[in-house]
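Just final18.cif here, mmCIF, C-alpha atoms:
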```cif
data_coords
loop_
_atom_site.group_PDB
_atom_site.id
_atom_site.type_symbol
_atom_site.label_atom_id
_atom_site.label_comp_id
_atom_site.auth_asym_id
_atom_site.auth_seq_id
_atom_site.Cartn_x
_atom_site.Cartn_y
_atom_site.Cartn_z
ATOM 1 C CA MET G 115 -13.677 -14.459 0.513
ATOM 2 C CA GLN G 116 -15.667 -16.022 3.337
ATOM 3 C CA ASN G 117 -18.005 -18.830 2.332
ATOM 4 C CA THR G 118 -21.630 -17.810 1.850
ATOM 5 C CA GLU G 119 -22.779 -18.931 5.306
ATOM 6 C CA LEU G 120 -19.971 -17.051 7.069
ATOM 7 C CA PHE G 121 -20.455 -13.985 4.850
ATOM 8 C CA LEU G 122 -24.136 -13.811 5.790
ATOM 9 C CA LYS G 123 -23.352 -14.278 9.493
ATOM 10 C CA ASN G 124 -20.688 -11.555 9.457
ATOM 11 C CA SER G 125 -22.899 -9.340 7.325
ATOM 12 C CA GLN G 126 -25.692 -9.395 9.906
ATOM 13 C CA SER G 127 -23.225 -8.835 12.755
ATOM 14 C CA ALA G 128 -21.765 -5.870 10.893
ATOM 15 C CA TRP G 129 -25.246 -4.455 10.299
ATOM 16 C CA ARG G 130 -26.042 -4.631 14.020
ATOM 17 C CA LEU G 131 -22.843 -2.684 14.673
ATOM 18 C CA ILE G 132 -23.800 -0.118 12.035
ATOM 19 C CA ASP G 133 -27.357 0.172 13.342
ATOM 20 C CA ALA G 134 -26.106 0.889 16.863
ATOM 21 C CA ALA G 135 -23.707 3.638 15.731
ATOM 22 C CA HIS G 136 -24.721 7.305 15.662
ATOM 23 C CA THR G 137 -21.745 8.766 13.770
ATOM 24 C CA ILE G 138 -20.005 6.873 10.952
ATOM 25 C CA THR G 139 -16.970 7.867 8.898
ATOM 26 C CA LEU G 140 -16.450 6.295 5.471
ATOM 27 C CA LEU G 141 -12.866 6.128 4.216
ATOM 28 C CA ALA G 142 -11.745 5.936 0.590
ATOM 29 C CA HIS G 143 -8.179 5.379 -0.540
ATOM 30 C CA GLN G 144 -5.648 8.003 -1.555
ATOM 31 C CA LYS G 145 -6.568 9.617 -4.914
ATOM 32 C CA PRO G 146 -9.913 7.766 -4.907
ATOM 33 C CA ASP G 147 -11.502 6.380 -8.072
ATOM 34 C CA PRO G 148 -15.233 5.983 -8.831
ATOM 35 C CA ASP G 149 -15.318 2.490 -7.296
ATOM 36 C CA ALA G 150 -14.106 3.777 -3.919
ATOM 37 C CA LEU G 151 -16.228 6.927 -4.011
ATOM 38 C CA GLY G 152 -19.313 5.175 -5.380
ATOM 39 C CA ALA G 153 -19.155 2.540 -2.642
ATOM 40 C CA CYS G 154 -18.688 5.160 0.075
ATOM 41 C CA GLY G 155 -21.345 7.426 -1.416
ATOM 42 C CA ALA G 156 -24.012 4.742 -1.610
ATOM 43 C CA LEU G 157 -23.345 3.676 1.971
ATOM 44 C CA ALA G 158 -23.347 7.295 3.173
ATOM 45 C CA GLU G 159 -26.760 7.906 1.588
ATOM 46 C CA LEU G 160 -28.195 4.744 3.134
ATOM 47 C CA LEU G 161 -26.804 5.539 6.585
ATOM 48 C CA SER G 162 -27.877 9.196 6.457
ATOM 49 C CA SER G 163 -31.435 8.077 5.621
ATOM 50 C CA ARG G 164 -31.375 6.130 8.888
ATOM 51 C CA GLY G 165 -30.415 9.206 10.895
ATOM 52 C CA LYS G 166 -26.661 8.582 11.076
ATOM 53 C CA LYS G 167 -24.221 11.471 10.899
ATOM 54 C CA THR G 168 -21.737 10.586 8.144
ATOM 55 C CA GLU G 169 -18.807 11.949 6.189
ATOM 56 C CA ILE G 170 -16.484 10.529 3.524
ATOM 57 C CA ILE G 171 -12.750 11.175 3.811
ATOM 58 C CA TYR G 172 -9.816 10.400 1.573
ATOM 59 C CA LEU G 173 -6.087 10.793 2.137
ATOM 60 C CA GLY G 174 -3.922 13.291 0.272
ATOM 61 C CA THR G 175 -5.097 15.525 -2.550
ATOM 62 C CA GLY G 176 -6.916 14.949 -5.820
ATOM 63 C CA ARG G 177 -9.600 12.480 -6.866
ATOM 64 C CA ASP G 178 -11.326 11.213 -9.994
ATOM 65 C CA SER G 179 -14.316 13.171 -11.278
ATOM 66 C CA LEU G 180 -17.857 11.904 -10.707
ATOM 67 C CA PRO G 181 -21.232 12.450 -12.425
ATOM 68 C CA PHE G 182 -22.873 12.882 -9.006
ATOM 69 C CA GLU G 183 -22.353 14.944 -5.852
ATOM 70 C CA LEU G 184 -21.017 13.648 -2.543
ATOM 71 C CA PRO G 185 -21.954 16.456 -0.112
ATOM 72 C CA SER G 186 -20.060 15.070 2.883
ATOM 73 C CA LEU G 187 -16.770 14.503 1.017
ATOM 74 C CA GLN G 188 -13.658 15.652 2.895
ATOM 75 C CA GLU G 189 -10.062 15.797 1.672
ATOM 76 C CA ASN G 190 -7.509 14.995 4.375
ATOM 77 C CA ASN G 191 -9.746 16.296 7.148
ATOM 78 C CA HIS G 192 -12.398 15.140 9.608
ATOM 79 C CA THR G 193 -15.103 17.154 11.365
ATOM 80 C CA PHE G 194 -16.043 14.645 14.087
ATOM 81 C CA ILE G 195 -14.775 11.526 15.842
ATOM 82 C CA PRO G 196 -17.034 8.646 14.721
ATOM 83 C CA ASP G 197 -18.492 5.681 16.569
ATOM 84 C CA LEU G 198 -17.645 3.466 13.585
ATOM 85 C CA ILE G 199 -15.376 3.504 10.520
ATOM 86 C CA ILE G 200 -16.152 1.806 7.194
ATOM 87 C CA SER G 201 -13.398 1.721 4.571
ATOM 88 C CA CYS G 202 -14.073 0.876 0.929
ATOM 89 C CA ASP G 203 -11.819 -0.345 -1.871
ATOM 90 C CA THR G 204 -8.576 -0.047 0.118
ATOM 91 C CA PRO G 205 -6.212 -2.946 0.904
ATOM 92 C CA SER G 206 -3.579 -1.135 2.990
ATOM 93 C CA PRO G 207 -3.858 1.050 6.129
ATOM 94 C CA SER G 208 -1.154 3.326 4.690
ATOM 95 C CA ARG G 209 -3.577 4.510 1.989
ATOM 96 C CA LEU G 210 -6.295 5.558 4.440
ATOM 97 C CA TYR G 211 -6.806 8.803 6.338
ATOM 98 C CA MET G 212 -6.175 7.445 9.819
ATOM 99 C CA PRO G 213 -5.350 10.016 12.533
ATOM 100 C CA GLU G 214 -4.446 8.717 15.967
ATOM 101 C CA ALA G 215 -7.980 9.334 17.244
ATOM 102 C CA PHE G 216 -9.371 6.880 14.655
ATOM 103 C CA LYS G 217 -7.084 3.946 15.400
ATOM 104 C CA THR G 218 -9.081 2.445 18.296
ATOM 105 C CA ILE G 219 -12.503 2.811 16.651
ATOM 106 C CA ASN G 220 -14.356 -0.273 15.362
ATOM 107 C CA HIS G 221 -13.678 -0.717 11.654
ATOM 108 C CA ILE G 222 -15.497 -2.540 8.826
ATOM 109 C CA ALA G 223 -13.497 -3.011 5.602
ATOM 110 C CA ILE G 224 -15.010 -3.729 2.169
ATOM 111 C CA ASP G 225 -12.481 -4.489 -0.561
ATOM 112 C CA HIS G 226 -11.606 -6.602 -3.618
ATOM 113 C CA HIS G 227 -7.820 -6.141 -3.854
ATOM 114 C CA GLN G 228 -5.046 -8.703 -3.458
ATOM 115 C CA GLU G 229 -2.913 -8.594 -0.280
ATOM 116 C CA HIS G 230 -5.595 -6.980 1.893
ATOM 117 C CA SER G 231 -3.980 -6.114 5.249
ATOM 118 C CA ILE G 232 -6.371 -3.824 7.135
ATOM 119 C CA PRO G 233 -6.934 -5.170 10.680
ATOM 120 C CA ALA G 234 -10.675 -4.472 10.740
ATOM 121 C CA LEU G 235 -13.229 -6.029 13.060
ATOM 122 C CA TYR G 236 -15.097 -7.263 9.954
ATOM 123 C CA ASN G 237 -13.359 -7.693 6.600
ATOM 124 C CA PHE G 238 -15.598 -8.265 3.576
ATOM 125 C CA VAL G 239 -12.883 -9.015 1.029
ATOM 126 C CA ASP G 240 -13.478 -10.829 -2.253
ATOM 127 C CA THR G 241 -10.560 -10.764 -4.703
ATOM 128 C CA THR G 242 -12.736 -12.444 -7.357
ATOM 129 C CA SER G 243 -15.131 -9.480 -7.377
ATOM 130 C CA THR G 244 -14.569 -6.917 -10.123
ATOM 131 C CA SER G 245 -15.318 -3.974 -7.826
ATOM 132 C CA SER G 246 -16.001 -2.923 -4.271
ATOM 133 C CA CYS G 247 -19.314 -1.441 -5.430
ATOM 134 C CA GLU G 248 -20.421 -4.964 -6.300
ATOM 135 C CA LEU G 249 -19.656 -6.040 -2.722
ATOM 136 C CA VAL G 250 -21.507 -3.048 -1.267
ATOM 137 C CA TYR G 251 -24.546 -3.980 -3.354
ATOM 138 C CA ARG G 252 -24.346 -7.531 -1.976
ATOM 139 C CA LEU G 253 -24.148 -6.257 1.602
ATOM 140 C CA ILE G 254 -27.042 -3.813 1.237
ATOM 141 C CA THR G 255 -29.108 -6.623 -0.262
ATOM 142 C CA ASP G 256 -28.180 -8.933 2.639
ATOM 143 C CA TRP G 257 -29.214 -6.173 5.045
ATOM 144 C CA GLN G 258 -32.576 -5.907 3.230
ATOM 145 C CA GLN G 259 -32.187 -2.141 2.940
ATOM 146 C CA PRO G 260 -33.663 0.037 0.167
ATOM 147 C CA ILE G 261 -31.570 1.174 -2.811
ATOM 148 C CA THR G 262 -32.520 4.560 -4.239
ATOM 149 C CA ALA G 263 -31.894 5.629 -7.841
ATOM 150 C CA SER G 264 -29.005 7.850 -6.727
ATOM 151 C CA MET G 265 -27.412 4.976 -4.773
ATOM 152 C CA ALA G 266 -27.864 2.743 -7.822
ATOM 153 C CA ASN G 267 -26.096 5.342 -10.000
ATOM 154 C CA MET G 268 -23.160 5.536 -7.588
ATOM 155 C CA LEU G 269 -22.751 1.764 -7.439
ATOM 156 C CA LEU G 270 -23.175 1.167 -11.160
ATOM 157 C CA PHE G 271 -20.701 3.935 -12.046
ATOM 158 C CA GLY G 272 -18.083 2.281 -9.827
ATOM 159 C CA ILE G 273 -18.729 -1.083 -11.473
ATOM 160 C CA LEU G 274 -18.582 0.388 -14.994
ATOM 161 C CA CYS G 275 -15.289 2.165 -14.306
ATOM 162 C CA ASP G 276 -13.591 -0.833 -12.689
ATOM 163 C CA THR G 277 -14.766 -3.252 -15.410
ATOM 164 C CA LEU G 278 -14.318 -0.792 -18.317
ATOM 165 C CA SER G 279 -18.000 -1.329 -19.087
ATOM 166 C CA PHE G 280 -17.738 -5.106 -18.521
ATOM 167 C CA LYS G 281 -14.659 -5.596 -20.748
ATOM 168 C CA VAL G 282 -12.032 -6.669 -18.188
ATOM 169 C CA PRO G 283 -11.130 -10.336 -17.563
ATOM 170 C CA GLY G 284 -12.946 -11.636 -14.524
ATOM 171 C CA THR G 285 -16.262 -9.930 -15.284
ATOM 172 C CA THR G 286 -18.771 -12.533 -14.126
ATOM 173 C CA ALA G 287 -22.420 -13.338 -14.581
ATOM 174 C CA GLU G 288 -22.883 -12.058 -11.017
ATOM 175 C CA THR G 289 -21.401 -8.704 -12.068
ATOM 176 C CA LEU G 290 -23.901 -8.460 -14.913
ATOM 177 C CA ARG G 291 -26.797 -9.523 -12.665
ATOM 178 C CA THR G 292 -25.790 -6.822 -10.169
ATOM 179 C CA ALA G 293 -25.664 -4.213 -12.949
ATOM 180 C CA ALA G 294 -29.077 -5.284 -14.232
ATOM 181 C CA SER G 295 -30.551 -4.998 -10.737
ATOM 182 C CA LEU G 296 -29.076 -1.509 -10.320
ATOM 183 C CA ILE G 297 -30.660 -0.467 -13.618
ATOM 184 C CA ASP G 298 -33.980 -1.779 -12.267
ATOM 185 C CA TYR G 299 -33.424 0.456 -9.221
ATOM 186 C CA GLY G 300 -33.089 3.480 -11.524
ATOM 187 C CA ALA G 301 -29.413 3.687 -12.538
ATOM 188 C CA ASP G 302 -28.913 5.505 -15.856
ATOM 189 C CA LEU G 303 -26.648 3.159 -17.858
ATOM 190 C CA ALA G 304 -26.423 5.372 -20.958
ATOM 191 C CA GLY G 305 -25.740 8.505 -18.924
ATOM 192 C CA LEU G 306 -23.105 6.810 -16.791
ATOM 193 C CA ASN G 307 -21.331 5.414 -19.859
ATOM 194 C CA ALA G 308 -21.253 8.926 -21.315
ATOM 195 C CA ALA G 309 -19.801 10.232 -18.032
ATOM 196 C CA MET G 310 -16.878 7.813 -18.404
ATOM 197 C CA ILE G 311 -15.516 9.965 -21.259
ATOM 198 C CA PHE G 312 -12.670 11.744 -19.528
ATOM 199 C CA HIS G 313 -11.705 14.699 -21.694
ATOM 200 C CA THR G 314 -13.023 17.832 -23.404
ATOM 201 C CA ASP G 315 -9.688 19.320 -24.538
ATOM 202 C CA PRO G 316 -8.690 18.120 -28.051
ATOM 203 C CA ALA G 317 -5.028 18.717 -27.122
ATOM 204 C CA VAL G 318 -5.290 15.404 -25.264
ATOM 205 C CA LEU G 319 -5.406 13.672 -28.654
ATOM 206 C CA THR G 320 -2.049 15.121 -29.667
ATOM 207 C CA LEU G 321 -0.503 14.053 -26.362
ATOM 208 C CA TRP G 322 -1.853 10.515 -26.700
ATOM 209 C CA GLY G 323 -0.546 10.386 -30.265
ATOM 210 C CA ALA G 324 2.930 11.367 -29.071
ATOM 211 C CA LEU G 325 2.774 8.709 -26.354
ATOM 212 C CA MET G 326 1.826 5.947 -28.808
ATOM 213 C CA ILE G 327 4.595 6.950 -31.232
ATOM 214 C CA ASN G 328 7.089 6.360 -28.411
ATOM 215 C CA ALA G 329 5.744 2.927 -27.434
ATOM 216 C CA ARG G 330 8.349 0.198 -26.890
ATOM 217 C CA TYR G 331 7.894 -3.584 -26.773
ATOM 218 C CA ASN G 332 9.941 -6.683 -25.989
ATOM 219 C CA GLU G 333 11.399 -9.121 -28.505
ATOM 220 C CA THR G 334 8.608 -11.652 -28.057
ATOM 221 C CA ARG G 335 5.987 -8.913 -28.477
ATOM 222 C CA THR G 336 4.210 -10.020 -25.326
ATOM 223 C CA ALA G 337 4.643 -6.700 -23.500
ATOM 224 C CA VAL G 338 4.489 -3.047 -24.490
ATOM 225 C CA TRP G 339 5.443 -0.032 -22.397
ATOM 226 C CA ILE G 340 4.920 3.698 -22.771
ATOM 227 C CA THR G 341 6.545 6.522 -20.801
ATOM 228 C CA CYS G 342 5.228 10.025 -20.119
ATOM 229 C CA PRO G 343 7.695 12.348 -18.344
ATOM 230 C CA ASN G 344 6.413 15.637 -16.959
ATOM 231 C CA SER G 345 8.321 17.444 -19.713
ATOM 232 C CA LEU G 346 5.977 15.908 -22.299
ATOM 233 C CA LEU G 347 2.898 17.110 -20.408
ATOM 234 C CA ALA G 348 4.439 20.586 -20.226
ATOM 235 C CA GLN G 349 5.097 20.524 -23.980
ATOM 236 C CA TYR G 350 1.349 20.213 -24.595
ATOM 237 C CA ASN G 351 0.391 22.476 -21.671
ATOM 238 C CA LEU G 352 -1.509 19.628 -19.979
ATOM 239 C CA THR G 353 -1.556 18.086 -16.500
ATOM 240 C CA GLU G 354 -1.494 14.459 -15.441
ATOM 241 C CA LYS G 355 -5.306 14.451 -15.656
ATOM 242 C CA ALA G 356 -4.815 14.247 -19.436
ATOM 243 C CA LEU G 357 -3.541 10.694 -18.862
ATOM 244 C CA ASN G 358 -6.875 9.456 -17.482
ATOM 245 C CA GLY G 359 -8.129 6.560 -19.569
ATOM 246 C CA PHE G 360 -4.922 6.101 -21.579
ATOM 247 C CA ILE G 361 -3.753 2.874 -19.919
ATOM 248 C CA ALA G 362 -7.266 1.418 -20.263
ATOM 249 C CA MET G 363 -7.364 2.107 -24.007
ATOM 250 C CA ILE G 364 -4.261 0.150 -25.071
ATOM 251 C CA PRO G 365 -5.484 -3.365 -24.063
ATOM 252 C CA GLN G 366 -8.669 -2.709 -26.051
ATOM 253 C CA ILE G 367 -6.803 -2.175 -29.330
ATOM 254 C CA LEU G 368 -4.012 -4.759 -28.904
ATOM 255 C CA THR G 369 -4.122 -8.468 -28.118
ATOM 256 C CA ILE G 370 -0.711 -8.134 -26.412
ATOM 257 C CA ASP G 371 -0.493 -9.615 -22.905
ATOM 258 C CA VAL G 372 1.070 -6.883 -20.741
ATOM 259 C CA VAL G 373 0.807 -3.104 -21.015
ATOM 260 C CA ALA G 374 2.887 -0.882 -18.727
ATOM 261 C CA PHE G 375 2.488 2.880 -18.497
ATOM 262 C CA PHE G 376 5.049 5.018 -16.657
ATOM 263 C CA TYR G 377 4.578 8.633 -15.577
ATOM 264 C CA GLU G 378 5.478 11.136 -12.855
ATOM 265 C CA TYR G 379 3.180 12.508 -10.166
ATOM 266 C CA ASN G 380 3.870 14.571 -7.039
ATOM 267 C CA GLY G 381 7.611 13.951 -7.222
ATOM 268 C CA MET G 382 7.239 10.179 -7.564
ATOM 269 C CA SER G 383 7.674 7.823 -10.516
ATOM 270 C CA LYS G 384 4.595 5.661 -11.073
ATOM 271 C CA ALA G 385 3.673 2.631 -13.140
ATOM 272 C CA SER G 386 0.267 1.259 -14.114
ATOM 273 C CA LEU G 387 0.202 -2.358 -15.318
ATOM 274 C CA ARG G 388 -2.528 -4.220 -17.196
ATOM 275 C CA SER G 389 -2.528 -7.782 -18.522
ATOM 276 C CA LYS G 390 -4.553 -10.495 -20.169
ATOM 277 C CA LYS G 391 -2.587 -13.476 -18.783
ATOM 278 C CA THR G 392 0.338 -12.396 -16.589
ATOM 279 C CA ASN G 393 -0.089 -11.784 -12.852
ATOM 280 C CA VAL G 394 0.969 -8.120 -12.810
ATOM 281 C CA HIS G 395 0.134 -7.880 -9.103
ATOM 282 C CA GLU G 396 3.219 -10.020 -8.432
ATOM 283 C CA ILE G 397 5.370 -7.696 -10.560
ATOM 284 C CA ALA G 398 4.052 -4.584 -8.812
ATOM 285 C CA LYS G 399 4.560 -6.217 -5.415
ATOM 286 C CA GLN G 400 8.308 -6.499 -6.101
ATOM 287 C CA PHE G 401 8.417 -2.687 -6.123
ATOM 288 C CA GLY G 402 6.169 -2.118 -3.123
ATOM 289 C CA GLY G 403 2.956 -1.828 -5.156
ATOM 290 C CA GLY G 404 -0.020 -4.092 -5.680
ATOM 291 C CA GLY G 405 -3.597 -4.254 -6.863
ATOM 292 C CA HIS G 406 -5.194 -7.057 -8.848
ATOM 293 C CA ILE G 407 -3.918 -10.005 -10.873
ATOM 294 C CA ARG G 408 -4.754 -8.266 -14.170
ATOM 295 C CA ALA G 409 -4.445 -4.613 -13.067
ATOM 296 C CA ALA G 410 -1.861 -3.246 -10.648
ATOM 297 C CA GLY G 411 0.227 -0.180 -9.923
ATOM 298 C CA LEU G 412 3.231 1.091 -8.009
ATOM 299 C CA SER G 413 5.013 4.269 -6.913
ATOM 300 C CA SER G 414 8.762 4.716 -6.522
ATOM 301 C CA PRO G 415 11.249 7.461 -5.581
ATOM 302 C CA LEU G 416 13.509 6.198 -8.387
ATOM 303 C CA PRO G 417 14.038 8.463 -11.400
ATOM 304 C CA LEU G 418 11.479 7.639 -14.087
ATOM 305 C CA GLU G 419 13.992 6.169 -16.560
ATOM 306 C CA GLU G 420 15.469 3.915 -13.874
ATOM 307 C CA LEU G 421 12.041 2.636 -12.826
ATOM 308 C CA VAL G 422 11.202 1.919 -16.460
ATOM 309 C CA ALA G 423 14.419 -0.084 -16.862
ATOM 310 C CA GLN G 424 13.863 -2.121 -13.699
ATOM 311 C CA VAL G 425 10.179 -2.921 -14.268
ATOM 312 C CA THR G 426 10.547 -3.759 -17.975
ATOM 313 C CA ALA G 427 13.402 -6.099 -17.104
ATOM 314 C CA ARG G 428 10.797 -8.158 -15.188
ATOM 315 C CA LEU G 429 8.599 -8.304 -18.280
#
```
Encoded form (structure tokens):
Amino acid sequence: MQNTELFLKNSQSAWRLIDAAHTITLLAHQKPDPDALGACGALAELLSSRGKKTEIIYLGTGRDSLPFELPSLQENNHTFIPDLIISCDTPSPSRLYMPEAFKTINHIAIDHHQEHSIPALYNFVDTTSTSSCELVYRLITDWQQPITASMANMLLFGILCDTLSFKVPGTTAETLRTAASLIDYGADLAGLNAAMIFHTDPAVLTLWGALMINARYNETRTAVWITCPNSLLAQYNLTEKALNGFIAMIPQILTIDVVAFFYEYNGMSKASLRSKKTNVHEIAKQFGGGGHIRAAGLSSPLPLEELVAQVTARL
């Protein structure tokens, strides 16, 4: 992250660029989570209130559910060519909707992931921050712009989801101060925590029970891994959405260092990694993935069983 003096200088320069733009496109990563969508949504509301034409776009299909509406949200499609692009919560250009017409447009990137590689004009990247929503709050504050209750809800929901309600390692006093300020602006903490409950179908419980029965761990009991092939989802007549929240639950009930969860999605084998001590970003990077030191993920064309064997060998 830039030092405070440089951050403030770049922040004001970025705001002048934003203020001069008439049309602004906000980009979230492929299969966006509440941190990406909350950051984009809060910025879109602020910019729209200043007369800017905005839309939010994400690559591919599918996204996490939200307890609020994003009216300008587009999936894999744009309706205008913008004067300016702002991307949120995305470290790699390959995970952004970026048609040829967008590639020469000025770009501001806001992110908290390791290995950030987007060649933006201004990069506000802080890998010590627990969420991109926290960075967006800092920028809006630096710009001395108003935060409405709906913007506060969007930002706090992103923070809650990325920190698992302030449980993840790396949650700082600054994170808590930001959350407290957002509550002062009107964010509904109790309502947002309730919205983090993913499921209404009790069949999810039986699936999760089957997954935990099949858990495996290494000899030193420092790592545990769980595999969910598509055949298991079909057995319970569920989709991959039934897996939401599963990987986050295991570290909360075990003191074990590393948890790995393997599953299939859109013809690819995927792994989600969580840890208390180990740098799982470095493990994911060996397979073309990435993320954070304590939370990372990867996708692979390898058959699921082969990916499991290769990744667990690194554990």
Given the PyMOL selection byres ((chain G and resi 356) around 12) and the file above, list the residues it selects as a ChimeraX atom specification. /G:178,311-322,325,342,344,346-348,350-355,357-361,377
Mind checking which residues fall within 9 Å of Ile132 (chain G), counting all atoms listed in the file, ignoring those fewer than 4 positions away in the same chain, and posting them as a ChimeraX atom specification? /G:127-128,136,138,161,198
Using Å and a single decimal, report how far CA of Leu157 (chain G) sits from CA of Glu189 (chain G).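 Separation between CA of Glu189 (chain G) and CA of Leu157 (chain G): 18.0 Å.
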Using the chain letters and residue numbers of this document, give as a count of residues only the residues selected by the PyMOL selection byres ((chain G and resi 195) around 9). 11
Nearest to Ser243 (chain G) among G:Leu429, G:Met363, G:Met326, G:Ile407, with distances taken over all atoms listed in the file: which residue is it?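 The closest residue to Ser243 (chain G) is G:Ile407.
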Can you tell me how far CA of Tyr172 (chain G) sits from CA of Leu270 (chain G), in Å to one decimal? 20.6 Å
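Non-sequential neighbours of Thr244 (chain G) (distance at most 9 Å, separation of 5 or more positions within a chain, all atoms listed in the file) are G:His226, G:Ile273, G:Asp276, G:Thr277, G:Val282, G:Pro283, G:Gly284, G:Thr285, G:Thr286, G:Thr289.
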Could you check the closest approach to Ile370 (chain G) for each of G:Gln400, G:His230, G:Thr336, G:His395 and tell me which residue wins, using all atoms listed in the file?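 Using all atoms listed in the file, the shortest distance to Ile370 (chain G) belongs to G:Thr336.
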Who sits within 12 Å of Tyr331 (chain G), all atoms listed in the file, same chain under 4 positions skipped, as a list in words: Met326, Ile327, Arg335, Thr336, Ala337, Val338, Trp339, Ile340, Thr341, Ile370, Asp371, Val372, Val373, Ala374, Phe375, Thr426, Ala427 and Leu429 of chain G
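CA of Arg164 (chain G) is positioned 19.8 Å from CA of Cys202 (chain G).
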Using only C-alpha atoms, can you tell me which of G:Lys123, G:Lys281, G:Lys384, G:His227 comes closest to Asp256 (chain G)?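 Distance minimum relative to Asp256 (chain G) lands on G:Lys123.
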Point out the residue among G:Lys167, G:Ile200, G:Pro260, G:Thr334 with the least atom-to-atom distance to Ala234 (chain G), counting only C-alpha atoms.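 When distances to Ala234 (chain G) are compared using only C-alpha atoms, the smallest one comes from G:Ile200.
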Carefully work through the PyMOL selection byres ((chain G and resi 144) around 6) for this structure and note down the residues it includes, as JSON, numbers by chain. {"G": [143, 145, 146, 172, 173, 174, 209]}
Can you tell me, as a ChimeraX atom specification, which residues sit within 7 Å of (-11.7, 14.4, -2.0) in the file's frame, using only C-alpha atoms? /G:171-172,175-177,187-189
For Leu140 (chain G), list every protein, DNA or RNA residue within 8 Å, evaluated using only C-alpha atoms, and leave out those in the same chain fewer than 3 positions away; present the list as a count of residues only. 10
Name the closest residue to Thr204 (chain G) among the candidates G:Asn307, G:Asn124, G:Ser245, G:Thr218; distances are taken between atoms, counting all atoms listed in the file.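 Answer, going by the shortest atom-to-atom distance: G:Ser245.
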Out of G:Val425, G:Leu296, G:Ile367, G:Leu274, which residue has the shortest atom-to-atom distance to Lys399 (chain G) when counting all atoms listed in the file?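 Among the listed residues, the smallest separation from Lys399 (chain G) belongs to G:Val425.
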Contact residues around Ser389 (chain G) with all atoms listed in the file at 8 Å, ignoring same-chain residues under 2 positions, as a ChimeraX atom specification: /G:365,371-373,387,391-394,408-409
